[in-house]
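Step one of this worksheet: look at the structure below.
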Amino acid sequence: TFQICGESQKNVEATESWIKNLILKEQFENCISDELIEYFDEREINALADLQRRKLVTIQFDNKLSPPCIKISGISRDVCYVYVEVQKMIKSFKDTEEERSKAELFYNLVEWRYPGSNGSFVAFDKLTNMQLEDAKIAKKPHLTVKINKKNYKVDLNTLQATDDQGKTINIQRVPKNEDKQSIALPAHWEDMQDEQVKLVNLNASCLEYLEVQNKFKKTCSSFVIEKVKSHK
């Protein structure tokens, strides 16, 4: 709130106009468009509300646009700060979704297990399952995981896990395609060299690429097409 005093009404009005112009010059607006905005849940909404309160900006959602948009308005320096924070939020959300998809893919290929009760084995959660398989593919000798809320150091060569007190247990790695009959693969497919998952670049003129491109163009203006091959 401003209180302006002056020798005359004319001077007060001139000063008021000058201050308004300064404020308007500092006003700025920026938009962020991304498909993932549509999937923001309570956690992301609360984070945006906190940014709006702390930085005194206005944040508006427009889910009617494709892709959805977040509009940020306010003083330029604050808008720039919030813009960067929202971009970080979208990247974190994207990384989490990609990790979840990757974990699901690995879980469909192989299952890592630890001893349960009565001599049975229990499957690790999907994220730990992915981390173990990733470590094995990368030929890492060890990986620390949690089993029943305790830290265990897993020897990826012997498949033995040892806790902080020196107790050792055996774990299992069970490929899910072990018992499936081999099938003839297309002649143009590349050898995966024992990799469980492989990212393949598609030629922009090939049929697979064109089919996917046509479907994406119906709802998405910007995209990258890559093919994921697996042993499943």
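Here's how to read the names in the structure tokens: chain A, B, ... by the order shown, residue numbers from 1 in each chain, ligand numbers from 1 in the order shown.
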Produce a table with one row for each residue of segment 66-139 of chain A that has an atom at most 9 Å from any atom of segment 46-53 of chain A, each row naming the nearest atom pair and its distance in Å at one decimal; use only C-alpha atoms; arrange rows by chain and rising residue number; format as a Markdown table.
```
| residue | atom | partner | partner_atom | distance |
| --- | --- | --- | --- | --- |
| A:Val82 | CA | A:Leu51 | CA | 6.8 |
| A:Glu85 | CA | A:Leu51 | CA | 8.6 |
| A:Val86 | CA | A:Leu48 | CA | 7.7 |
| A:Met89 | CA | A:Ala47 | CA | 8.9 |
```
I need the chosen residues saved as a tab-separated table (two decimals), in the first residue's frame, with N, CA and C atoms.
```
chain	number	residue	atom	x	y	z
A	82	VAL	N	9.88	-18.84	-10.35
A	82	VAL	CA	8.82	-19.86	-10.30
A	82	VAL	C	8.84	-20.70	-11.57
A	85	GLU	N	11.39	-23.33	-11.16
A	85	GLU	CA	10.96	-24.33	-10.18
A	85	GLU	C	9.90	-25.27	-10.77
A	86	VAL	N	8.99	-24.73	-11.59
A	86	VAL	CA	7.96	-25.56	-12.21
A	86	VAL	C	8.60	-26.51	-13.23
A	89	MET	N	10.00	-29.28	-11.39
A	89	MET	CA	8.92	-30.15	-10.93
A	89	MET	C	8.47	-31.10	-12.05
```
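Close contacts of Glu111 of chain A, defined as residues with an atom at most 7 Å away when counting only C-alpha atoms, with chain neighbours fewer than 3 positions off set aside, comprise Tyr107, Ala123, Asn129, Arg173, Val174, Pro175 and Lys176 of chain A.
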Output file for the selection above: C-alpha atoms, as a PDB file, in the first residue's frame:
```pdb
ATOM      1  CA  TYR A 107       9.550 -56.875 -13.523  1.00  0.00           C
ATOM      2  CA  ALA A 123       9.686 -60.992  -4.660  1.00  0.00           C
ATOM      3  CA  ASN A 129      13.984 -55.399  -8.615  1.00  0.00           C
ATOM      4  CA  ARG A 173      17.182 -64.154  -9.773  1.00  0.00           C
ATOM      5  CA  VAL A 174      14.442 -65.814 -11.843  1.00  0.00           C
ATOM      6  CA  PRO A 175      14.058 -64.853 -15.542  1.00  0.00           C
ATOM      7  CA  LYS A 176      10.368 -64.942 -16.415  1.00  0.00           C
TER       8      LYS A 176
END
```
Out of segment 93-145 of chain A, which residues get strand (DSSP E) from DSSP, as a list in words?
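Taking segment 93-145 of chain A and keeping strand (DSSP E) gives Val110, Glu111, Trp112, Arg113, Tyr114, Pro115, Phe121, Val122, Ala123, His142, Leu143, Thr144 and Val145 of chain A.
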Residues at most 10 Å from segment 64-79 of chain A, counting only C-alpha atoms, excluding those fewer than 5 positions away in the same chain, as JSON, numbers by chain?
{"A": [23, 24, 25, 26, 27, 28, 29, 30, 31, 32, 33, 34, 35, 36, 37, 38, 39, 51, 52, 54, 55, 56, 57, 58, 59, 84, 85, 86, 219, 220, 221, 222]}
Export of prior selection with N, CA, C and O atoms as a tab-separated table (two decimals), in the first residue's frame:
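Below is the file again_9.tsv, written as the result:
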```tsv
chain	number	residue	atom	x	y	z
A	23	ILE	N	5.53	-0.20	-11.86
A	23	ILE	CA	5.02	-1.53	-11.51
A	23	ILE	C	4.66	-2.31	-12.76
A	23	ILE	O	4.99	-3.51	-12.89
A	24	LEU	N	3.99	-1.64	-13.72
A	24	LEU	CA	3.59	-2.31	-14.95
A	24	LEU	C	4.79	-2.77	-15.77
A	24	LEU	O	4.76	-3.84	-16.39
A	25	LYS	N	5.87	-1.98	-15.74
A	25	LYS	CA	7.08	-2.36	-16.48
A	25	LYS	C	7.70	-3.62	-15.90
A	25	LYS	O	8.36	-4.38	-16.60
A	26	GLU	N	7.50	-3.83	-14.61
A	26	GLU	CA	8.07	-5.00	-13.94
A	26	GLU	C	7.18	-6.22	-14.06
A	26	GLU	O	7.58	-7.32	-13.70
A	27	GLN	N	5.94	-6.02	-14.53
A	27	GLN	CA	5.02	-7.16	-14.66
A	27	GLN	C	5.44	-8.05	-15.82
A	27	GLN	O	5.87	-7.57	-16.87
A	28	PHE	N	5.33	-9.35	-15.60
A	28	PHE	CA	5.79	-10.31	-16.61
A	28	PHE	C	4.87	-11.53	-16.57
A	28	PHE	O	4.28	-11.83	-15.53
A	29	GLU	N	4.79	-12.22	-17.70
A	29	GLU	CA	3.95	-13.41	-17.79
A	29	GLU	C	4.67	-14.47	-18.61
A	29	GLU	O	5.30	-14.16	-19.62
A	30	ASN	N	4.60	-15.70	-18.14
A	30	ASN	CA	5.25	-16.79	-18.87
A	30	ASN	C	4.36	-18.04	-18.79
A	30	ASN	O	3.65	-18.22	-17.81
A	31	CYS	N	4.43	-18.86	-19.82
A	31	CYS	CA	3.61	-20.08	-19.87
A	31	CYS	C	4.49	-21.31	-20.05
A	31	CYS	O	5.50	-21.25	-20.74
A	32	ILE	N	4.09	-22.38	-19.42
A	32	ILE	CA	4.76	-23.67	-19.57
A	32	ILE	C	3.72	-24.67	-20.07
A	32	ILE	O	2.68	-24.86	-19.44
A	33	SER	N	4.01	-25.28	-21.21
A	33	SER	CA	3.09	-26.28	-21.78
A	33	SER	C	3.76	-27.65	-21.75
A	33	SER	O	4.90	-27.80	-22.20
A	34	ASP	N	3.05	-28.64	-21.22
A	34	ASP	CA	3.60	-29.99	-21.15
A	34	ASP	C	2.46	-30.98	-20.91
A	34	ASP	O	1.56	-30.71	-20.11
A	35	GLU	N	2.51	-32.11	-21.60
A	35	GLU	CA	1.47	-33.14	-21.44
A	35	GLU	C	1.37	-33.63	-20.00
A	35	GLU	O	0.29	-33.99	-19.52
A	36	LEU	N	2.49	-33.65	-19.27
A	36	LEU	CA	2.49	-34.20	-17.91
A	36	LEU	C	1.72	-33.34	-16.92
A	36	LEU	O	1.34	-33.81	-15.85
A	37	ILE	N	1.48	-32.08	-17.25
A	37	ILE	CA	0.74	-31.19	-16.35
A	37	ILE	C	-0.65	-31.77	-16.04
A	37	ILE	O	-1.17	-31.62	-14.94
A	38	GLU	N	-1.20	-32.46	-17.02
A	38	GLU	CA	-2.53	-33.05	-16.85
A	38	GLU	C	-2.56	-34.07	-15.70
A	38	GLU	O	-3.60	-34.30	-15.09
A	39	TYR	N	-1.39	-34.66	-15.40
A	39	TYR	CA	-1.33	-35.72	-14.39
A	39	TYR	C	-0.83	-35.24	-13.04
A	39	TYR	O	-0.59	-36.05	-12.15
A	51	LEU	N	4.54	-22.04	-3.81
A	51	LEU	CA	5.33	-21.09	-4.61
A	51	LEU	C	4.55	-19.80	-4.84
A	51	LEU	O	5.11	-18.71	-4.78
A	52	GLN	N	3.26	-19.92	-5.08
A	52	GLN	CA	2.42	-18.75	-5.32
A	52	GLN	C	2.36	-17.85	-4.08
A	52	GLN	O	2.45	-16.62	-4.20
A	54	ARG	N	4.66	-17.77	-1.54
A	54	ARG	CA	5.97	-17.25	-1.15
A	54	ARG	C	6.47	-16.18	-2.10
A	54	ARG	O	7.13	-15.22	-1.69
A	55	LYS	N	6.18	-16.32	-3.39
A	55	LYS	CA	6.72	-15.40	-4.39
A	55	LYS	C	5.72	-14.36	-4.88
A	55	LYS	O	6.04	-13.53	-5.74
A	56	LEU	N	4.50	-14.40	-4.33
A	56	LEU	CA	3.47	-13.41	-4.66
A	56	LEU	C	3.23	-13.32	-6.17
A	56	LEU	O	3.17	-12.23	-6.76
A	57	VAL	N	3.13	-14.48	-6.81
A	57	VAL	CA	2.80	-14.54	-8.23
A	57	VAL	C	1.42	-15.17	-8.37
A	57	VAL	O	0.87	-15.72	-7.42
A	58	THR	N	0.89	-15.09	-9.57
A	58	THR	CA	-0.38	-15.76	-9.88
A	58	THR	C	-0.10	-16.95	-10.78
A	58	THR	O	0.56	-16.79	-11.82
A	59	ILE	N	-0.56	-18.12	-10.38
A	59	ILE	CA	-0.37	-19.34	-11.17
A	59	ILE	C	-1.74	-19.85	-11.59
A	59	ILE	O	-2.59	-20.11	-10.75
A	84	VAL	N	11.41	-21.59	-13.37
A	84	VAL	CA	12.47	-22.60	-13.24
A	84	VAL	C	12.05	-23.71	-12.28
A	84	VAL	O	12.28	-24.89	-12.54
A	85	GLU	N	11.39	-23.33	-11.16
A	85	GLU	CA	10.96	-24.33	-10.18
A	85	GLU	C	9.90	-25.27	-10.77
A	85	GLU	O	9.91	-26.47	-10.50
A	86	VAL	N	8.99	-24.73	-11.59
A	86	VAL	CA	7.96	-25.56	-12.21
A	86	VAL	C	8.60	-26.51	-13.23
A	86	VAL	O	8.21	-27.68	-13.33
A	219	THR	N	-2.71	-36.02	-31.38
A	219	THR	CA	-2.88	-35.41	-30.04
A	219	THR	C	-1.64	-34.69	-29.53
A	219	THR	O	-1.69	-34.02	-28.51
A	220	CYS	N	-0.51	-34.82	-30.22
A	220	CYS	CA	0.75	-34.28	-29.68
A	220	CYS	C	1.54	-33.62	-30.80
A	220	CYS	O	1.75	-34.21	-31.86
A	221	SER	N	2.01	-32.39	-30.56
A	221	SER	CA	2.73	-31.65	-31.59
A	221	SER	C	4.23	-31.90	-31.57
A	221	SER	O	4.93	-31.69	-32.54
A	222	SER	N	4.76	-32.32	-30.42
A	222	SER	CA	6.20	-32.52	-30.29
A	222	SER	C	6.48	-33.87	-29.64
A	222	SER	O	5.94	-34.18	-28.59
```
Taken to one decimal, the atom CA of Pro141 of chain A-atom CA of Ser101 of chain A distance is 25.4 Å
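Nearest residue to Glu44 of chain A, choosing from A:Asn11, A:Asn203, A:Ser92, A:Gln3 and counting only C-alpha atoms: A:Ser92.
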Please list as number ranges by chain every residue within 6 Å of Val122 of chain A, counting only C-alpha atoms and excluding residues in the same chain fewer than 2 positions away.
A: 113-114, 116
Prev. selection, C-alpha atoms, output as a CSV table (one decimal), in the first residue's frame:
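File written: part25.csv
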```csv
chain,number,residue,atom,x,y,z
A,113,ARG,CA,13.6,-62.7,-4.6
A,114,TYR,CA,14.7,-62.9,-1.0
A,116,GLY,CA,10.6,-65.4,3.4
```
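Taking atom CA of Gln131 of chain A as the reference point, atom CA of Arg43 of chain A is found at 25.3 Å.
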Ranking A:Glu104, A:Lys140, A:Lys88, A:Val110 by minimum distance to Asn157 of chain A and counting only C-alpha atoms, which one comes first?
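Closest to Asn157 of chain A, using only C-alpha atoms: A:Lys140.
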Mind pulling up the distance from atom CA of Lys153 of chain A to atom CA of Lys167 of chain A?
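Separation between atom CA of Lys167 of chain A and atom CA of Lys153 of chain A: 10.4 Å.
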Output as a PyMOL selection string all residues of segment 1-228 of chain A that backbone DSSP marks as alpha helix (DSSP H).
chain A and resi 9-26+42-55+76-109+126-137+207-217
